[in-house]
$ cat protein-v8.cif   # mmCIF, C-alpha atoms
data_run
#
loop_
_atom_site.label_atom_id
_atom_site.label_comp_id
_atom_site.auth_asym_id
_atom_site.auth_seq_id
_atom_site.Cartn_x
_atom_site.Cartn_y
_atom_site.Cartn_z
CA MET B 10 5.40 -9.27 1.81
CA LYS B 11 7.10 -6.19 3.18
CA LYS B 12 7.73 -7.26 6.74
CA PRO B 13 5.23 -6.01 9.32
CA LEU B 14 7.38 -4.79 12.19
CA VAL B 15 6.90 -5.66 15.84
CA GLY B 16 4.89 -3.20 17.92
CA ALA B 17 7.91 -2.12 19.95
CA LEU B 18 9.34 -0.38 16.92
CA PHE B 19 6.28 1.86 16.82
CA ALA B 20 7.91 3.81 19.66
CA VAL B 21 10.61 4.85 17.21
CA LEU B 22 7.98 6.57 15.09
CA LEU B 23 6.42 8.32 18.04
CA LEU B 24 9.82 9.61 19.06
CA GLY B 25 10.17 11.16 15.64
CA ALA B 26 12.69 8.91 13.90
CA GLY B 27 12.96 9.97 10.29
CA THR B 28 15.33 7.25 9.12
CA ALA B 29 15.27 3.57 9.97
CA PRO B 30 18.46 2.21 11.51
CA ALA B 31 19.55 -0.95 9.74
CA ALA B 32 18.95 -3.11 12.81
CA ALA B 33 15.43 -1.79 13.27
CA ALA B 34 14.62 -2.17 9.60
CA THR B 35 15.21 -5.91 9.79
CA SER B 36 13.33 -6.51 13.05
CA HIS B 37 9.96 -8.12 12.38
CA ASP B 38 7.33 -10.57 13.48
CA ALA B 39 9.03 -13.94 13.14
CA THR B 40 5.71 -15.60 12.37
CA ALA B 41 5.05 -13.48 9.31
CA PRO B 42 6.31 -14.67 5.91
CA SER B 43 7.30 -11.45 4.21
CA THR B 44 9.68 -9.71 1.86
CA VAL B 45 12.21 -6.94 2.41
CA ARG B 46 15.47 -5.77 0.89
CA ALA B 47 18.62 -6.62 2.88
CA ALA B 48 19.72 -4.28 5.68
CA ALA B 49 22.66 -3.11 3.61
CA SER B 50 20.22 -1.26 1.36
CA ALA B 51 17.79 -0.20 4.09
CA GLY B 52 19.50 3.11 4.78
CA ARG B 53 19.45 4.28 1.20
CA VAL B 54 16.83 6.77 0.10
CA ALA B 55 15.70 5.96 -3.41
CA ALA B 56 17.09 8.16 -6.18
CA ASP B 57 14.74 10.58 -7.85
CA ALA B 58 13.62 9.16 -11.18
CA ALA B 59 11.74 12.23 -12.34
CA SER B 60 13.97 12.63 -15.36
CA SER B 61 12.59 9.52 -17.06
CA GLY B 62 11.00 9.75 -20.47
CA HIS B 63 7.47 9.42 -19.08
CA ALA B 64 8.14 12.09 -16.48
CA ALA B 65 9.31 14.38 -19.26
CA VAL B 66 6.00 13.89 -21.02
CA GLN B 67 4.17 14.59 -17.78
CA ALA B 68 6.22 17.74 -17.18
CA LYS B 69 3.56 19.72 -19.01
CA ILE B 70 1.28 18.87 -16.09
CA ARG B 71 2.33 20.71 -12.98
CA PRO B 72 3.10 17.97 -10.47
CA LYS B 73 1.55 18.18 -7.04
CA ALA B 74 3.98 18.18 -4.15
CA VAL B 75 4.03 14.70 -2.60
CA ASN B 76 4.27 14.80 1.19
CA PHE B 77 3.07 12.87 4.24
CA ALA B 78 -0.31 14.60 4.69
CA GLY B 79 -3.02 11.97 4.93
CA THR B 80 -0.69 9.06 5.53
CA VAL B 81 -0.90 7.05 8.75
CA ALA B 82 1.31 4.81 10.84
CA LEU B 83 -0.05 1.47 12.02
CA SER B 84 1.56 -0.53 14.82
CA ASN B 85 3.49 -2.58 12.26
CA CYS B 86 2.90 -1.05 8.82
CA SER B 87 2.08 2.09 6.85
CA GLY B 88 -1.22 3.29 5.39
CA SER B 89 -3.25 6.27 4.25
CA VAL B 90 -6.64 7.91 4.66
CA VAL B 91 -8.30 7.51 1.26
CA ARG B 92 -11.46 8.50 -0.54
CA THR B 93 -13.12 7.72 -3.85
CA PRO B 94 -14.17 10.52 -6.22
CA ASP B 95 -17.74 10.08 -4.96
CA SER B 96 -16.98 10.02 -1.22
CA GLN B 97 -18.76 12.77 0.70
CA PRO B 98 -17.48 14.92 3.60
CA GLY B 99 -19.95 13.29 5.98
CA ASP B 100 -18.98 9.74 5.07
CA PRO B 101 -16.95 7.67 7.54
CA ALA B 102 -13.33 7.91 6.40
CA LEU B 103 -11.39 4.91 5.13
CA VAL B 104 -7.78 3.81 5.77
CA LEU B 105 -5.97 1.73 3.14
CA SER B 106 -3.14 -0.67 3.97
CA ASN B 107 -2.15 -4.27 3.11
CA GLY B 108 -4.08 -7.43 3.83
CA HIS B 109 -0.97 -8.85 5.48
CA CYS B 110 -0.95 -5.90 7.90
CA MET B 111 -4.30 -6.75 9.51
CA GLU B 112 -4.26 -7.35 13.27
CA SER B 113 -6.19 -10.56 12.66
CA GLY B 114 -3.16 -12.05 10.90
CA PHE B 115 -2.42 -13.13 7.36
CA PRO B 116 -5.61 -14.23 5.57
CA GLY B 117 -5.13 -17.54 3.81
CA PRO B 118 -5.48 -18.06 0.06
CA GLY B 119 -9.12 -17.56 -0.88
CA GLU B 120 -9.96 -15.89 2.45
CA VAL B 121 -11.74 -12.53 2.53
CA VAL B 122 -12.33 -10.49 5.69
CA PHE B 123 -15.52 -8.48 5.28
CA ASN B 124 -17.18 -6.06 7.72
CA GLN B 125 -15.41 -7.40 10.80
CA PRO B 126 -15.35 -5.23 13.96
CA SER B 127 -12.03 -3.52 14.73
CA THR B 128 -10.84 -0.86 17.17
CA ARG B 129 -7.41 -0.47 15.62
CA SER B 130 -5.75 2.92 16.00
CA PHE B 131 -3.73 4.88 13.44
CA THR B 132 -1.39 7.85 13.92
CA LEU B 133 -2.31 10.55 11.40
CA LEU B 134 0.60 12.49 9.89
CA ASN B 135 0.75 16.04 8.56
CA SER B 136 2.70 17.19 5.50
CA ALA B 137 5.98 17.29 7.45
CA GLY B 138 5.53 13.75 8.76
CA SER B 139 4.64 14.71 12.32
CA GLY B 140 1.96 12.76 14.16
CA VAL B 141 -0.96 15.10 14.81
CA GLY B 142 -3.61 12.79 16.22
CA THR B 143 -5.03 9.32 16.57
CA LEU B 144 -7.75 7.89 14.35
CA ARG B 145 -9.67 4.77 15.30
CA ALA B 146 -11.35 2.07 13.24
CA SER B 147 -14.88 0.83 13.70
CA LYS B 148 -14.36 -2.19 11.43
CA ILE B 149 -12.26 -3.86 8.78
CA ALA B 150 -14.52 -3.12 5.84
CA TYR B 151 -12.52 -5.35 3.50
CA GLY B 152 -9.31 -7.33 3.59
CA THR B 153 -7.70 -10.09 1.53
CA MET B 154 -4.45 -11.47 0.18
CA THR B 155 -6.14 -13.21 -2.74
CA ASP B 156 -5.62 -11.60 -6.19
CA THR B 157 -4.42 -8.50 -4.35
CA ASP B 158 -3.03 -7.56 -0.92
CA ILE B 159 -5.26 -4.90 0.64
CA SER B 160 -7.06 -3.98 3.81
CA VAL B 161 -9.54 -1.12 4.09
CA TYR B 162 -10.62 0.05 7.53
CA GLN B 163 -13.69 2.19 8.18
CA LEU B 164 -13.05 4.86 10.81
CA THR B 165 -15.20 6.32 13.55
CA SER B 166 -14.43 9.80 12.13
CA THR B 167 -15.77 11.37 8.95
CA TYR B 168 -13.64 13.14 6.36
CA ALA B 169 -15.14 16.44 7.48
CA GLN B 170 -14.24 15.79 11.11
CA ILE B 171 -10.66 14.89 10.22
CA GLU B 172 -10.24 17.98 8.07
CA SER B 173 -11.84 20.24 10.66
CA THR B 174 -9.73 18.89 13.52
CA TYR B 175 -6.38 18.41 11.78
CA GLY B 176 -6.61 20.38 8.53
CA ILE B 177 -5.77 17.24 6.55
CA LYS B 178 -7.62 15.93 3.51
CA ALA B 179 -7.83 12.31 2.40
CA LEU B 180 -5.84 11.06 -0.57
CA GLU B 181 -7.96 10.24 -3.59
CA LEU B 182 -7.92 6.81 -5.22
CA ASN B 183 -7.30 7.01 -8.95
CA THR B 184 -10.01 5.35 -11.04
CA ALA B 185 -7.82 4.22 -13.94
CA HIS B 186 -5.16 1.54 -14.39
CA PRO B 187 -1.62 2.84 -13.70
CA VAL B 188 0.57 3.68 -16.70
CA GLN B 189 4.02 2.27 -17.37
CA GLY B 190 6.75 4.88 -16.89
CA THR B 191 4.74 7.01 -14.47
CA ALA B 192 6.85 8.84 -11.89
CA ILE B 193 5.68 7.69 -8.46
CA THR B 194 6.44 8.15 -4.79
CA VAL B 195 5.96 5.49 -2.12
CA VAL B 196 5.14 7.33 1.13
CA SER B 197 5.75 5.40 4.36
CA GLY B 198 3.91 6.74 7.39
CA TYR B 199 5.64 4.21 9.63
CA TRP B 200 9.18 5.38 8.86
CA LYS B 201 8.29 8.89 7.68
CA ARG B 202 10.32 8.21 4.57
CA THR B 203 9.59 8.45 0.85
CA TYR B 204 10.91 6.44 -2.09
CA SER B 205 10.88 7.89 -5.61
CA CYS B 206 11.02 5.83 -8.80
CA ASN B 207 8.86 4.91 -11.79
CA VAL B 208 6.38 2.22 -12.76
CA ASP B 209 8.65 -0.24 -14.56
CA GLY B 210 5.82 -2.47 -15.76
CA PHE B 211 3.09 -4.88 -14.74
CA VAL B 212 3.18 -8.52 -13.69
CA TYR B 213 0.52 -10.92 -14.96
CA ARG B 214 0.81 -13.04 -11.81
CA LEU B 215 3.06 -12.34 -8.84
CA LYS B 216 3.47 -15.45 -6.70
CA GLU B 217 4.88 -15.53 -3.17
CA GLY B 218 4.58 -18.66 -1.08
CA GLU B 219 0.90 -19.52 -0.78
CA TRP B 220 -0.34 -16.28 -2.32
CA THR B 221 -0.84 -15.14 -5.91
CA TRP B 222 -1.59 -11.54 -6.95
CA LYS B 223 -2.91 -10.38 -10.30
CA ASP B 224 -1.62 -7.50 -12.45
CA SER B 225 0.88 -6.19 -9.91
CA VAL B 226 2.95 -3.02 -10.29
CA ARG B 227 6.71 -3.51 -10.61
CA TYR B 228 8.92 -0.59 -9.56
CA THR B 229 12.16 0.49 -11.17
CA SER B 230 15.14 -0.38 -8.97
CA ALA B 231 15.31 3.04 -7.25
CA CYS B 232 12.43 2.15 -4.90
CA GLN B 233 14.29 0.04 -2.33
CA THR B 234 11.44 -0.15 0.17
CA ILE B 235 12.08 -1.76 3.57
CA GLY B 236 10.23 -3.46 6.42
CA GLY B 237 7.46 -1.24 7.78
CA THR B 238 6.66 0.26 4.37
CA SER B 239 3.93 -2.32 3.84
CA GLY B 240 0.65 -0.58 3.07
CA SER B 241 2.27 2.69 1.95
CA PRO B 242 0.29 4.56 -0.70
CA VAL B 243 1.95 4.71 -4.11
CA ILE B 244 1.27 8.20 -5.41
CA ASP B 245 1.33 9.44 -9.00
CA ASN B 246 3.60 12.49 -8.81
CA ALA B 247 1.68 14.32 -11.53
CA THR B 248 -1.82 13.97 -10.07
CA GLY B 249 -1.24 13.36 -6.35
CA LYS B 250 -3.63 10.39 -6.53
CA VAL B 251 -3.11 6.90 -5.13
CA VAL B 252 -2.49 4.34 -7.89
CA ALA B 253 -1.28 1.39 -5.82
CA VAL B 254 -0.37 0.13 -2.36
CA ASN B 255 3.18 -1.05 -1.61
CA ASN B 256 3.41 -4.69 -0.53
CA THR B 257 6.39 -6.87 -1.48
CA GLY B 258 9.78 -7.47 -3.11
CA ASN B 259 12.29 -10.22 -3.80
CA GLU B 260 14.88 -10.32 -1.02
CA ASP B 261 17.25 -13.20 -1.75
CA GLY B 262 16.77 -14.12 -5.38
CA GLN B 263 14.83 -17.29 -4.55
CA GLU B 264 11.91 -18.39 -6.69
CA CYS B 265 8.29 -17.98 -5.56
CA THR B 266 9.06 -18.50 -1.85
CA ASP B 267 8.07 -16.47 1.21
CA ASN B 268 10.08 -13.24 1.04
CA ASN B 269 10.92 -13.92 -2.62
CA PRO B 270 8.01 -13.36 -5.00
CA CYS B 271 8.43 -14.40 -8.61
CA GLU B 272 6.79 -13.17 -11.78
CA VAL B 273 4.70 -15.61 -13.82
CA ASP B 274 3.58 -14.64 -17.33
CA GLU B 275 0.58 -15.81 -19.35
CA ASN B 276 2.54 -18.82 -20.61
CA GLY B 277 3.70 -19.90 -17.16
CA GLN B 278 7.23 -18.59 -17.66
CA VAL B 279 8.79 -17.67 -14.29
CA THR B 280 11.11 -14.68 -13.84
CA VAL B 281 12.96 -13.80 -10.63
CA ARG B 282 14.16 -10.22 -10.07
CA GLU B 283 16.25 -10.04 -6.94
CA GLY B 284 16.00 -6.72 -5.13
CA ILE B 285 12.99 -5.52 -7.12
CA ASN B 286 9.87 -4.40 -5.27
CA TYR B 287 6.18 -4.42 -6.09
CA ALA B 288 2.76 -2.93 -5.31
CA GLN B 289 -0.89 -3.80 -5.83
CA GLU B 290 -3.10 -1.62 -7.99
CA THR B 291 -5.94 0.21 -6.25
CA TYR B 292 -8.22 1.45 -9.06
CA GLY B 293 -10.24 -1.76 -8.71
CA ILE B 294 -11.27 -0.81 -5.19
CA VAL B 295 -13.29 2.20 -6.38
CA PRO B 296 -16.19 0.36 -8.11
CA CYS B 297 -16.73 -1.69 -4.95
CA ILE B 298 -17.50 1.32 -2.73
CA GLY B 299 -21.00 2.76 -2.86
CA THR B 300 -23.02 5.47 -1.16
CA GLY B 301 -21.84 6.26 2.34
CA ASN B 302 -18.44 4.62 1.66
CA VAL B 303 -20.06 1.21 2.11
CA PHE B 304 -18.38 -1.76 0.43
CA ASP B 305 -20.78 -3.54 -1.93
CA LEU B 306 -19.08 -6.42 -3.70
CA ASP B 307 -22.10 -6.87 -6.00
CA ARG B 308 -21.79 -3.39 -7.51
CA GLU B 309 -21.26 -3.16 -11.25
CA GLY B 310 -17.56 -3.26 -12.08
CA CYS B 311 -16.50 -4.65 -8.72
CA ALA B 312 -14.09 -7.55 -9.24
CA LEU B 313 -12.63 -7.92 -5.76
CA PRO B 314 -12.79 -11.48 -4.36
CA LYS B 315 -15.90 -12.21 -2.32
CA PRO B 316 -16.09 -14.02 1.04
#
$ encode --input "protein-v8.cif" --output "structure tokens"
Amino acid sequence: MKKPLVGALFAVLLLGAGTAPAAAATSHDATAPSTVRAAASAGRVAADAASSGHAAVQAKIRPKAVNFAGTVALSNCSGSVVRTPDSQPGDPALVLSNGHCMESGFPGPGEVVFNQPSTRSFTLLNSAGSGVGTLRASKIAYGTMTDTDISVYQLTSTYAQIESTYGIKALELNTAHPVQGTAITVVSGYWKRTYSCNVDGFVYRLKEGEWTWKDSVRYTSACQTIGGTSGSPVIDNATGKVVAVNNTGNEDGQECTDNNPCEVDENGQVTVREGINYAQETYGIVPCIGTGNVFDLDREGCALPKP
């Protein structure tokens, strides 16, 4: 997993650091098995891949400017305020991040956290990446590292209250499977840094240590995400919608170990791609959220693991 960083580094964000120093980028919770590119690559900002063939096809659609509005910084990770197409202004807002970023610790294989109280705070960012206010959770609505790596917090504020107070709208979750070749931007609220690349393809099973994730997004090599980018929304440049959540990458070229996820195909063939990073699709979250932004794992189309 992309290393959750120790709480002390959060002060760097509050002081307005826009770029992670190499030493800070490799500082992390020593108890957390996780994945991050070596410090030598931490200072690089990913090259713009908008000239790819898929981006050329999408050029007919006027891309929305991708910025930091609606992203959040956690104490150790990144995240974003998100909504489904059916979310209403008066609904309690939701924050999306990784399962391995939860304050309760890494959930084990098969473990699902569902409707557990939480008072976690999040720093809300504006389009320029400046912190404009603090949002607070009322509960962890859903969290797991089984099949996927997500956490969704319900906030004490509604979408309408956030927009009225800060002038910031939530990011919308896309309802369809991502498309290979799509130009994307990974937006880290923790580091106030973006990474631009393309969807290189999809992984049948991505295995890291004890955990296995299904149908993961693989980035092209330009997205050299670092520690603290865990939970960052992956945004489709053409639509401005969230298609995935950043979570891991192979650091040392090892096979299927902590910090070194491997790809496993339908026939059990294992492939290791050192330095390549990954995300978990988010379209599958949408069918599981009903009226009032309430998670209902029995809703039609919901395939998220149950407690």
$ closest_atom_pairs --input "protein-v8.cif" --of "segment 204-230 of chain B" --to "segment 265-279 of chain B" --cutoff "8 Å" --atoms "all atoms listed in the file" --output "CSV"
residue,atom,partner,partner_atom,distance
B:Val212,CA,B:Glu272,CA,6.2
B:Tyr213,CA,B:Asp274,CA,5.4
B:Arg214,CA,B:Val273,CA,5.1
B:Leu215,CA,B:Glu272,CA,4.8
B:Lys216,CA,B:Pro270,CA,5.3
B:Glu217,CA,B:Pro270,CA,4.2
B:Gly218,CA,B:Thr266,CA,4.5
$ closest_atom_pairs --input "protein-v8.cif" --of "segment 100-174 of chain B" --to "segment 226-247 of chain B" --cutoff "12 Å" --atoms "all atoms listed in the file" --output "JSON lines"
{"residue": "B:Val104", "atom": "CA", "partner": "B:Gly240", "partner_atom": "CA", "distance": 9.9}
{"residue": "B:Leu105", "atom": "CA", "partner": "B:Gly240", "partner_atom": "CA", "distance": 7.0}
{"residue": "B:Ser106", "atom": "CA", "partner": "B:Gly240", "partner_atom": "CA", "distance": 3.9}
{"residue": "B:Asn107", "atom": "CA", "partner": "B:Gly240", "partner_atom": "CA", "distance": 4.6}
{"residue": "B:Gly108", "atom": "CA", "partner": "B:Gly240", "partner_atom": "CA", "distance": 8.4}
{"residue": "B:His109", "atom": "CA", "partner": "B:Ser239", "partner_atom": "CA", "distance": 8.3}
{"residue": "B:Cys110", "atom": "CA", "partner": "B:Ser239", "partner_atom": "CA", "distance": 7.3}
{"residue": "B:Met111", "atom": "CA", "partner": "B:Gly240", "partner_atom": "CA", "distance": 10.2}
{"residue": "B:Thr157", "atom": "CA", "partner": "B:Val226", "partner_atom": "CA", "distance": 10.9}
{"residue": "B:Asp158", "atom": "CA", "partner": "B:Gly240", "partner_atom": "CA", "distance": 8.8}
{"residue": "B:Ile159", "atom": "CA", "partner": "B:Gly240", "partner_atom": "CA", "distance": 7.7}
{"residue": "B:Ser160", "atom": "CA", "partner": "B:Gly240", "partner_atom": "CA", "distance": 8.5}
{"residue": "B:Val161", "atom": "CA", "partner": "B:Gly240", "partner_atom": "CA", "distance": 10.3}
$ resolve_selection --input "protein-v8.cif" --expression "the PyMOL selection byres ((chain B and resi 89) around 10)" --output "ChimeraX atom specification"
/B:77-83,87-88,90-92,103-106,131-134,161,179-181,196-198,240-243,251,254
$ atom_distance --input "protein-v8.cif" --atom1 "atom CA of Asp305 of chain B" --atom2 "atom CA of Ser225 of chain B"
23.2 Å
$ atom_distance --input "protein-v8.cif" --atom1 "atom CA of Glu120 of chain B" --atom2 "atom CA of Val295 of chain B"
20.4 Å
$ residues_near_point --input "protein-v8.cif" --point "(-4.0, -12.9, -4.5)" --cutoff "7 Å" --atoms "all atoms listed in the file" --output "list of chain:residue names"
B:Met154, B:Thr155, B:Asp156, B:Thr157, B:Asp158, B:Trp220, B:Thr221, B:Trp222, B:Lys223
$ closest_residue --input "protein-v8.cif" --among "B:Gly299, B:Phe304, B:Gln189, B:Tyr287" --to "Met10 of chain B" --atoms "all atoms listed in the file"
B:Tyr287
$ closest_residue --input "protein-v8.cif" --among "B:Gly301, B:Gly284, B:Pro98, B:Gly249" --to "Ala74 of chain B" --atoms "all atoms listed in the file"
B:Gly249
$ closest_residue --input "protein-v8.cif" --among "B:Phe123, B:Phe211, B:Tyr204, B:Phe115" --to "Ala150 of chain B" --atoms "only C-alpha atoms"
B:Phe123
$ closest_residue --input "protein-v8.cif" --among "B:Lys315, B:Thr300, B:Gly190, B:Ile294" --to "Gly119 of chain B" --atoms "only C-alpha atoms"
B:Lys315
